[in-house]
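Containing TSV, N, CA, C and O atoms: work_27.tsv.
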chain	number	residue	atom	x	y	z
A	1353	MET	N	0.82	-1.17	0.00
A	1353	MET	CA	0.00	0.00	0.00
A	1353	MET	C	0.88	1.25	0.00
A	1353	MET	O	1.80	1.38	0.79
A	1354	LYS	N	0.58	2.16	-0.91
A	1354	LYS	CA	1.37	3.36	-1.06
A	1354	LYS	C	0.81	4.48	-0.17
A	1354	LYS	O	-0.38	4.73	-0.16
A	1355	THR	N	1.72	5.14	0.58
A	1355	THR	CA	1.26	6.24	1.42
A	1355	THR	C	1.42	7.55	0.67
A	1355	THR	O	2.31	7.71	-0.16
A	1356	LYS	N	0.58	8.49	0.98
A	1356	LYS	CA	0.65	9.80	0.34
A	1356	LYS	C	1.68	10.66	1.06
A	1356	LYS	O	1.76	10.66	2.27
A	1357	ASN	N	2.43	11.39	0.27
A	1357	ASN	CA	3.44	12.27	0.82
A	1357	ASN	C	2.92	13.71	0.74
A	1357	ASN	O	2.82	14.28	-0.34
A	1358	TRP	N	2.59	14.28	1.87
A	1358	TRP	CA	2.01	15.62	1.93
A	1358	TRP	C	3.06	16.69	2.16
A	1358	TRP	O	2.73	17.84	2.42
A	1359	SER	N	4.34	16.34	2.06
A	1359	SER	CA	5.39	17.31	2.35
A	1359	SER	C	5.41	18.47	1.36
A	1359	SER	O	5.98	19.51	1.64
A	1360	VAL	N	4.81	18.31	0.20
A	1360	VAL	CA	4.75	19.39	-0.78
A	1360	VAL	C	3.92	20.54	-0.23
A	1360	VAL	O	4.17	21.71	-0.52
A	1361	PHE	N	2.94	20.23	0.62
A	1361	PHE	CA	2.04	21.25	1.14
A	1361	PHE	C	2.57	21.94	2.40
A	1361	PHE	O	2.03	22.96	2.81
A	1362	SER	N	3.62	21.42	3.00
A	1362	SER	CA	4.12	22.00	4.25
A	1362	SER	C	4.63	23.44	4.10
A	1362	SER	O	4.54	24.20	5.06
A	1363	PRO	N	5.16	23.87	2.94
A	1363	PRO	CA	5.56	25.29	2.85
A	1363	PRO	C	4.40	26.27	2.98
A	1363	PRO	O	4.62	27.46	3.20
A	1364	LEU	N	3.17	25.80	2.87
A	1364	LEU	CA	2.03	26.70	3.05
A	1364	LEU	C	1.94	27.26	4.46
A	1364	LEU	O	1.24	28.24	4.70
A	1365	ILE	N	2.70	26.66	5.37
A	1365	ILE	CA	2.76	27.18	6.74
A	1365	ILE	C	3.32	28.61	6.73
A	1365	ILE	O	3.01	29.41	7.61
A	1366	LEU	N	4.11	28.94	5.70
A	1366	LEU	CA	4.65	30.29	5.58
A	1366	LEU	C	3.55	31.35	5.48
A	1366	LEU	O	3.77	32.51	5.82
A	1367	LEU	N	2.36	30.95	5.04
A	1367	LEU	CA	1.26	31.90	4.94
A	1367	LEU	C	0.73	32.32	6.31
A	1367	LEU	O	-0.04	33.26	6.40
A	1368	LEU	N	1.15	31.62	7.35
A	1368	LEU	CA	0.76	32.02	8.69
A	1368	LEU	C	1.43	33.33	9.11
A	1368	LEU	O	0.89	34.07	9.93
A	1369	LEU	N	2.61	33.62	8.54
A	1369	LEU	CA	3.32	34.85	8.91
A	1369	LEU	C	2.53	36.11	8.55
A	1369	LEU	O	2.32	36.96	9.43
A	1370	PRO	N	2.05	36.27	7.31
A	1370	PRO	CA	1.24	37.47	7.06
A	1370	PRO	C	-0.10	37.44	7.79
A	1370	PRO	O	-0.63	38.49	8.15
A	1371	LEU	N	-0.65	36.25	8.03
A	1371	LEU	CA	-1.90	36.16	8.76
A	1371	LEU	C	-1.73	36.66	10.19
A	1371	LEU	O	-2.53	37.45	10.69
A	1372	ILE	N	-0.66	36.23	10.84
A	1372	ILE	CA	-0.37	36.70	12.20
A	1372	ILE	C	-0.05	38.20	12.17
A	1372	ILE	O	-0.48	38.95	13.05
A	1373	GLY	N	0.67	38.63	11.13
A	1373	GLY	CA	0.96	40.05	10.99
A	1373	GLY	C	-0.29	40.89	10.85
A	1373	GLY	O	-0.36	42.00	11.38
A	1374	MET	N	-1.29	40.37	10.18
A	1374	MET	CA	-2.56	41.09	10.03
A	1374	MET	C	-3.29	41.19	11.36
A	1374	MET	O	-3.99	42.17	11.62
A	1375	LEU	N	-3.14	40.16	12.20
A	1375	LEU	CA	-3.80	40.18	13.50
A	1375	LEU	C	-3.12	41.13	14.48
A	1375	LEU	O	-3.77	41.71	15.35
A	1376	ILE	N	-1.81	41.30	14.33
A	1376	ILE	CA	-1.04	42.11	15.26
A	1376	ILE	C	-1.01	43.58	14.86
A	1376	ILE	O	-1.10	44.46	15.71
A	1377	SER	N	-0.90	43.84	13.56
A	1377	SER	CA	-0.68	45.21	13.10
A	1377	SER	C	-1.63	45.57	11.96
A	1377	SER	O	-2.09	44.71	11.22
A	1378	ASP	N	-1.87	46.85	11.82
A	1378	ASP	CA	-2.68	47.34	10.70
A	1378	ASP	C	-1.84	47.57	9.45
A	1378	ASP	O	-2.37	47.87	8.39
A	1379	GLU	N	-0.53	47.45	9.56
A	1379	GLU	CA	0.36	47.69	8.42
A	1379	GLU	C	0.37	46.54	7.43
A	1379	GLU	O	0.73	46.73	6.28
A	1380	VAL	N	0.04	45.35	7.87
A	1380	VAL	CA	-0.05	44.21	6.97
A	1380	VAL	C	-1.51	44.10	6.54
A	1380	VAL	O	-2.39	43.91	7.37
A	1381	ASN	N	-1.75	44.25	5.24
A	1381	ASN	CA	-3.11	44.27	4.75
A	1381	ASN	C	-3.22	43.38	3.51
A	1381	ASN	O	-3.08	43.84	2.38
A	1382	TRP	N	-3.44	42.10	3.74
A	1382	TRP	CA	-3.58	41.14	2.65
A	1382	TRP	C	-5.05	40.81	2.46
A	1382	TRP	O	-5.79	40.63	3.42
A	1383	SER	N	-5.45	40.66	1.21
A	1383	SER	CA	-6.81	40.22	0.91
A	1383	SER	C	-6.80	38.70	0.71
A	1383	SER	O	-5.74	38.07	0.68
A	1384	PHE	N	-7.99	38.14	0.57
A	1384	PHE	CA	-8.09	36.71	0.28
A	1384	PHE	C	-7.35	36.38	-1.01
A	1384	PHE	O	-6.69	35.34	-1.11
A	1385	PHE	N	-7.45	37.26	-1.99
A	1385	PHE	CA	-6.78	37.06	-3.27
A	1385	PHE	C	-5.27	37.01	-3.10
A	1385	PHE	O	-4.59	36.22	-3.75
A	1386	ASP	N	-4.71	37.85	-2.23
A	1386	ASP	CA	-3.27	37.84	-1.96
A	1386	ASP	C	-2.84	36.49	-1.38
A	1386	ASP	O	-1.81	35.93	-1.78
A	1387	PHE	N	-3.61	35.98	-0.42
A	1387	PHE	CA	-3.30	34.67	0.16
A	1387	PHE	C	-3.40	33.57	-0.89
A	1387	PHE	O	-2.58	32.66	-0.93
A	1388	LEU	N	-4.40	33.65	-1.75
A	1388	LEU	CA	-4.60	32.65	-2.79
A	1388	LEU	C	-3.43	32.64	-3.78
A	1388	LEU	O	-2.86	31.58	-4.08
A	1389	ILE	N	-3.05	33.81	-4.26
A	1389	ILE	CA	-1.94	33.91	-5.22
A	1389	ILE	C	-0.63	33.44	-4.60
A	1389	ILE	O	0.12	32.68	-5.19
A	1390	MET	N	-0.35	33.89	-3.37
A	1390	MET	CA	0.90	33.47	-2.72
A	1390	MET	C	0.89	31.98	-2.42
A	1390	MET	O	1.91	31.31	-2.55
A	1391	GLY	N	-0.27	31.45	-2.05
A	1391	GLY	CA	-0.37	30.01	-1.83
A	1391	GLY	C	-0.08	29.23	-3.11
A	1391	GLY	O	0.63	28.21	-3.09
A	1392	LEU	N	-0.61	29.70	-4.23
A	1392	LEU	CA	-0.33	29.04	-5.51
A	1392	LEU	C	1.14	29.15	-5.89
A	1392	LEU	O	1.73	28.18	-6.40
A	1393	LEU	N	1.74	30.30	-5.64
A	1393	LEU	CA	3.17	30.46	-5.92
A	1393	LEU	C	4.02	29.53	-5.05
A	1393	LEU	O	4.95	28.88	-5.54
A	1394	ILE	N	3.70	29.47	-3.77
A	1394	ILE	CA	4.47	28.61	-2.86
A	1394	ILE	C	4.28	27.14	-3.23
A	1394	ILE	O	5.24	26.36	-3.24
A	1395	LEU	N	3.06	26.74	-3.55
A	1395	LEU	CA	2.82	25.35	-3.95
A	1395	LEU	C	3.55	25.00	-5.24
A	1395	LEU	O	4.11	23.91	-5.36
A	1396	SER	N	3.54	25.91	-6.21
A	1396	SER	CA	4.23	25.62	-7.47
A	1396	SER	C	5.74	25.53	-7.24
A	1396	SER	O	6.41	24.69	-7.84
A	1397	LEU	N	6.27	26.38	-6.37
A	1397	LEU	CA	7.69	26.30	-6.04
A	1397	LEU	C	8.02	24.96	-5.37
A	1397	LEU	O	8.97	24.29	-5.75
A	1398	SER	N	7.22	24.59	-4.41
A	1398	SER	CA	7.45	23.34	-3.68
A	1398	SER	C	7.34	22.13	-4.61
A	1398	SER	O	8.20	21.25	-4.60
A	1399	PHE	N	6.29	22.11	-5.41
A	1399	PHE	CA	6.10	21.00	-6.34
A	1399	PHE	C	7.20	20.97	-7.39
A	1399	PHE	O	7.72	19.90	-7.73
A	1400	GLY	N	7.59	22.13	-7.89
A	1400	GLY	CA	8.65	22.19	-8.90
A	1400	GLY	C	9.98	21.70	-8.38
A	1400	GLY	O	10.69	20.95	-9.06
A	1401	ILE	N	10.35	22.11	-7.17
A	1401	ILE	CA	11.61	21.65	-6.60
A	1401	ILE	C	11.57	20.14	-6.37
A	1401	ILE	O	12.56	19.44	-6.63
A	1402	LYS	N	10.44	19.64	-5.92
A	1402	LYS	CA	10.33	18.19	-5.70
A	1402	LYS	C	10.48	17.44	-7.02
A	1402	LYS	O	11.15	16.41	-7.09
A	1403	GLN	N	9.90	17.96	-8.09
A	1403	GLN	CA	10.02	17.32	-9.40
A	1403	GLN	C	11.45	17.39	-9.92
A	1403	GLN	O	11.95	16.43	-10.51
A	1404	ILE	N	12.11	18.51	-9.71
A	1404	ILE	CA	13.51	18.64	-10.14
A	1404	ILE	C	14.38	17.63	-9.41
A	1404	ILE	O	15.23	16.97	-10.01
A	1405	LEU	N	14.16	17.47	-8.10
A	1405	LEU	CA	14.95	16.52	-7.33
A	1405	LEU	C	14.71	15.08	-7.78
A	1405	LEU	O	15.62	14.25	-7.76
A	1406	ARG	N	13.49	14.79	-8.19
A	1406	ARG	CA	13.18	13.44	-8.67
A	1406	ARG	C	13.73	13.16	-10.06
A	1406	ARG	O	14.25	12.09	-10.32
A	1407	ALA	N	13.59	14.13	-10.95
A	1407	ALA	CA	13.86	13.89	-12.37
A	1407	ALA	C	15.32	14.08	-12.76
A	1407	ALA	O	15.76	13.51	-13.75
A	1408	THR	N	16.06	14.87	-12.02
A	1408	THR	CA	17.43	15.19	-12.40
A	1408	THR	C	18.40	14.31	-11.62
A	1408	THR	O	18.26	14.16	-10.41
A	1409	LEU	N	19.36	13.77	-12.33
A	1409	LEU	CA	20.30	12.85	-11.68
A	1409	LEU	C	21.56	13.53	-11.17
A	1409	LEU	O	22.03	13.22	-10.08
A	1410	LYS	N	22.12	14.44	-11.92
A	1410	LYS	CA	23.39	15.05	-11.53
A	1410	LYS	C	23.15	16.22	-10.58
A	1410	LYS	O	22.26	17.04	-10.78
A	1411	TYR	N	24.00	16.30	-9.56
A	1411	TYR	CA	23.88	17.34	-8.54
A	1411	TYR	C	24.02	18.73	-9.15
A	1411	TYR	O	23.31	19.66	-8.76
A	1412	LYS	N	24.94	18.89	-10.11
A	1412	LYS	CA	25.15	20.19	-10.75
A	1412	LYS	C	23.88	20.71	-11.41
A	1412	LYS	O	23.52	21.86	-11.27
A	1413	TYR	N	23.20	19.82	-12.11
A	1413	TYR	CA	21.98	20.22	-12.80
A	1413	TYR	C	20.84	20.48	-11.80
A	1413	TYR	O	20.03	21.38	-12.01
A	1414	LYS	N	20.80	19.68	-10.75
A	1414	LYS	CA	19.78	19.92	-9.71
A	1414	LYS	C	19.95	21.32	-9.13
A	1414	LYS	O	18.98	22.07	-9.01
A	1415	ALA	N	21.17	21.66	-8.78
A	1415	ALA	CA	21.44	22.97	-8.18
A	1415	ALA	C	21.12	24.09	-9.17
A	1415	ALA	O	20.52	25.11	-8.79
A	1416	LEU	N	21.48	23.92	-10.43
A	1416	LEU	CA	21.21	24.94	-11.44
A	1416	LEU	C	19.72	25.15	-11.65
A	1416	LEU	O	19.22	26.28	-11.64
A	1417	PHE	N	18.97	24.06	-11.83
A	1417	PHE	CA	17.54	24.16	-12.07
A	1417	PHE	C	16.79	24.73	-10.86
A	1417	PHE	O	15.87	25.54	-11.00
A	1418	ILE	N	17.19	24.32	-9.66
A	1418	ILE	CA	16.54	24.85	-8.46
A	1418	ILE	C	16.85	26.33	-8.31
A	1418	ILE	O	15.96	27.13	-7.95
A	1419	ALA	N	18.09	26.74	-8.59
A	1419	ALA	CA	18.44	28.16	-8.50
A	1419	ALA	C	17.64	28.98	-9.51
A	1419	ALA	O	17.13	30.06	-9.18
A	1420	LEU	N	17.49	28.48	-10.72
A	1420	LEU	CA	16.68	29.17	-11.73
A	1420	LEU	C	15.22	29.25	-11.31
A	1420	LEU	O	14.56	30.28	-11.48
A	1421	PHE	N	14.72	28.16	-10.77
A	1421	PHE	CA	13.33	28.11	-10.32
A	1421	PHE	C	13.11	29.12	-9.19
A	1421	PHE	O	12.10	29.83	-9.17
A	1422	LEU	N	14.05	29.21	-8.24
A	1422	LEU	CA	13.96	30.18	-7.15
A	1422	LEU	C	14.04	31.61	-7.66
A	1422	LEU	O	13.33	32.49	-7.17
A	1423	LEU	N	14.89	31.85	-8.66
A	1423	LEU	CA	15.01	33.18	-9.23
A	1423	LEU	C	13.70	33.62	-9.88
A	1423	LEU	O	13.23	34.75	-9.65
A	1424	VAL	N	13.09	32.74	-10.65
A	1424	VAL	CA	11.81	33.07	-11.28
A	1424	VAL	C	10.74	33.31	-10.22
A	1424	VAL	O	9.96	34.27	-10.31
A	1425	PHE	N	10.71	32.47	-9.18
A	1425	PHE	CA	9.76	32.65	-8.08
A	1425	PHE	C	9.92	34.02	-7.43
A	1425	PHE	O	8.95	34.74	-7.22
A	1426	MET	N	11.16	34.38	-7.13
A	1426	MET	CA	11.41	35.66	-6.45
A	1426	MET	C	11.08	36.85	-7.35
A	1426	MET	O	10.55	37.86	-6.88
A	1427	LEU	N	11.35	36.75	-8.65
A	1427	LEU	CA	11.01	37.84	-9.56
A	1427	LEU	C	9.50	38.04	-9.66
A	1427	LEU	O	9.02	39.18	-9.66
A	1428	ILE	N	8.76	36.95	-9.72
A	1428	ILE	CA	7.29	37.05	-9.76
A	1428	ILE	C	6.78	37.63	-8.45
A	1428	ILE	O	5.90	38.50	-8.43
A	1429	TRP	N	7.33	37.17	-7.33
A	1429	TRP	CA	6.91	37.64	-6.02
A	1429	TRP	C	7.15	39.15	-5.88
A	1429	TRP	O	6.27	39.90	-5.46
A	1430	VAL	N	8.34	39.59	-6.24
A	1430	VAL	CA	8.67	41.01	-6.13
A	1430	VAL	C	7.80	41.84	-7.07
A	1430	VAL	O	7.34	42.92	-6.72
A	1431	GLU	N	7.56	41.34	-8.27
A	1431	GLU	CA	6.72	42.08	-9.21
A	1431	GLU	C	5.30	42.23	-8.68
A	1431	GLU	O	4.70	43.29	-8.79
A	1432	LEU	N	4.78	41.16	-8.10
A	1432	LEU	CA	3.43	41.24	-7.53
A	1432	LEU	C	3.39	42.17	-6.32
A	1432	LEU	O	2.39	42.84	-6.08
A	1433	ALA	N	4.48	42.20	-5.56
A	1433	ALA	CA	4.49	43.00	-4.33
A	1433	ALA	C	4.66	44.49	-4.60
A	1433	ALA	O	3.91	45.31	-4.08
A	1434	VAL	N	5.66	44.85	-5.40
A	1434	VAL	CA	5.96	46.27	-5.57
A	1434	VAL	C	6.04	46.73	-7.02
A	1434	VAL	O	6.11	47.92	-7.28
A	1435	GLY	N	6.04	45.83	-7.98
A	1435	GLY	CA	6.03	46.22	-9.38
A	1435	GLY	C	7.33	46.80	-9.88
A	1435	GLY	O	7.35	47.92	-10.41
A	1436	ILE	N	8.44	46.09	-9.77
A	1436	ILE	CA	9.73	46.63	-10.20
A	1436	ILE	C	9.85	46.74	-11.72
A	1436	ILE	O	10.64	47.51	-12.23
A	1437	PHE	N	9.06	45.95	-12.45
A	1437	PHE	CA	9.12	45.99	-13.90
A	1437	PHE	C	7.99	46.82	-14.51
A	1437	PHE	O	7.98	47.09	-15.70
A	1438	GLY	N	7.01	47.18	-13.72
A	1438	GLY	CA	5.90	47.99	-14.21
A	1438	GLY	C	4.94	47.24	-15.10
A	1438	GLY	O	4.31	47.82	-15.97
A	1439	SER	N	4.80	45.96	-14.90
A	1439	SER	CA	3.88	45.16	-15.71
A	1439	SER	C	2.44	45.35	-15.23
A	1439	SER	O	2.20	45.89	-14.15
A	1440	PRO	N	1.47	44.89	-16.02
A	1440	PRO	CA	0.06	45.04	-15.61
A	1440	PRO	C	-0.31	44.25	-14.34
A	1440	PRO	O	-1.30	44.56	-13.71
A	1441	ILE	N	0.50	43.25	-13.98
A	1441	ILE	CA	0.18	42.46	-12.78
A	1441	ILE	C	0.82	43.06	-11.52
A	1441	ILE	O	0.69	42.50	-10.44
A	1442	ALA	N	1.50	44.18	-11.68
A	1442	ALA	CA	2.25	44.78	-10.56
A	1442	ALA	C	1.33	45.21	-9.44
A	1442	ALA	O	0.21	45.65	-9.66
A	1443	GLY	N	1.85	45.09	-8.23
A	1443	GLY	CA	1.12	45.55	-7.05
A	1443	GLY	C	1.31	47.03	-6.85
A	1443	GLY	O	1.94	47.71	-7.64
A	1444	ASN	N	0.82	47.55	-5.79
A	1444	ASN	CA	0.93	48.95	-5.33
A	1444	ASN	C	-0.41	49.44	-4.93
A	1444	ASN	O	-1.37	49.49	-5.50
This entry written out as structure tokens:
Amino acid sequence: MKTKNWSVFSPLILLLLPLIGMLISDEVNWSFFDFLIMGLLILSLSFGIKQILRATLKYKYKALFIALFLLVFMLIWVELAVGIFGSPIAGN
């Protein structure tokens, strides 16, 4: 019998930080949509890294692909947060 591995979902615990911040301070102001988008980004990052670790054999390539994946994640995150590129999806 195969057991399910739920470790892909554990990074969603990071969403507790802005939730607690919203309860403590008025400076953190996230909407449901913000939590949804960040949850999708975190899940895609987690799932992508897990797939890279499974599919890639050489350590060099694993490190390269994970670094690229993290870079893309951070660029999307920053663009959504403050809009450094000025795209239509930019926050502010």
Which residues in chain A does DSSP call helix (DSSP H, G or I)? List them as an MDAnalysis selection string. chainID A and resid 1359:1376 1384:1407 1411:1434
Expressed in Å to a single decimal, how great is the separation between atom O of A:Ile1372 and atom N of A:Ile1441?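 Interatomic distance, atom O of A:Ile1372 to atom N of A:Ile1441: 27.4 Å.
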Stretch 1412-1414 of chain A: which residues within 12 Å, counting only C-alpha atoms, same-chain residues fewer than 5 positions away excluded, as a list in words?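 Selected residues are Gly1400, Ile1401, Lys1402, Gln1403, Ile1404, Leu1405, Arg1406, Ala1407, Ala1419, Leu1420 and Phe1421 of chain A.
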Report as AutoDock Vina command-line options the centre and the edge lengths, in Å to one decimal, of the axis-aligned box holding every listed atom of stretch 1367-1378 of chain A, padded by 5 Å on each side.
--center_x -0.3 --center_y 39.4 --center_z 10.3 --size_x 17.3 --size_y 26.9 --size_z 20.8
Two-atom distance - atom CA of A:Phe1399, atom O of A:Val1424 (Å):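 Atom CA of A:Phe1399 sits 14.4 Å away from atom O of A:Val1424.
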Quick one: of A:Leu1416, A:Ala1442, A:Met1426, A:Ile1394, who's nearest to A:Pro1363, counting only C-alpha atoms?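 Among A:Leu1416, A:Ala1442, A:Met1426, A:Ile1394, it is A:Ile1394 that comes nearest to A:Pro1363.
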Å distance separating atom CA of A:Ser1383 from atom C of A:Leu1364, one decimal place: 16.0 Å
Closest contacts (stretch 1364-1420 of chain A/stretch 1428-1431 of chain A, max 10 Å, only C-alpha atoms) as CSV:
residue,atom,partner,partner_atom,distance
A:Ile1389,CA,A:Trp1429,CA,9.6
A:Met1390,CA,A:Trp1429,CA,8.0
A:Leu1393,CA,A:Trp1429,CA,8.1
A:Ile1394,CA,A:Trp1429,CA,9.9
In terms of the shortest atom-to-atom distance over only N, CA, C and O atoms, which of A:Leu1423, A:Trp1382, A:Thr1408, A:Leu1432 is closest to A:Pro1370?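 Of A:Leu1423, A:Trp1382, A:Thr1408, A:Leu1432, the one nearest A:Pro1370 is A:Trp1382, counting only N, CA, C and O atoms.
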Tell me which of A:Phe1387, A:Leu1395, A:Val1434, A:Val1380 sits closest to A:Leu1367, counting only C-alpha atoms.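 Checking each of A:Phe1387, A:Leu1395, A:Val1434, A:Val1380 against A:Leu1367, counting only C-alpha atoms, the winner is A:Phe1387.
Closest approach to A:Ser1396 from the set A:Leu1422, A:Phe1384, A:Ile1376, A:Ala1433 is made by A:Leu1422, with distances taken over only C-alpha atoms.
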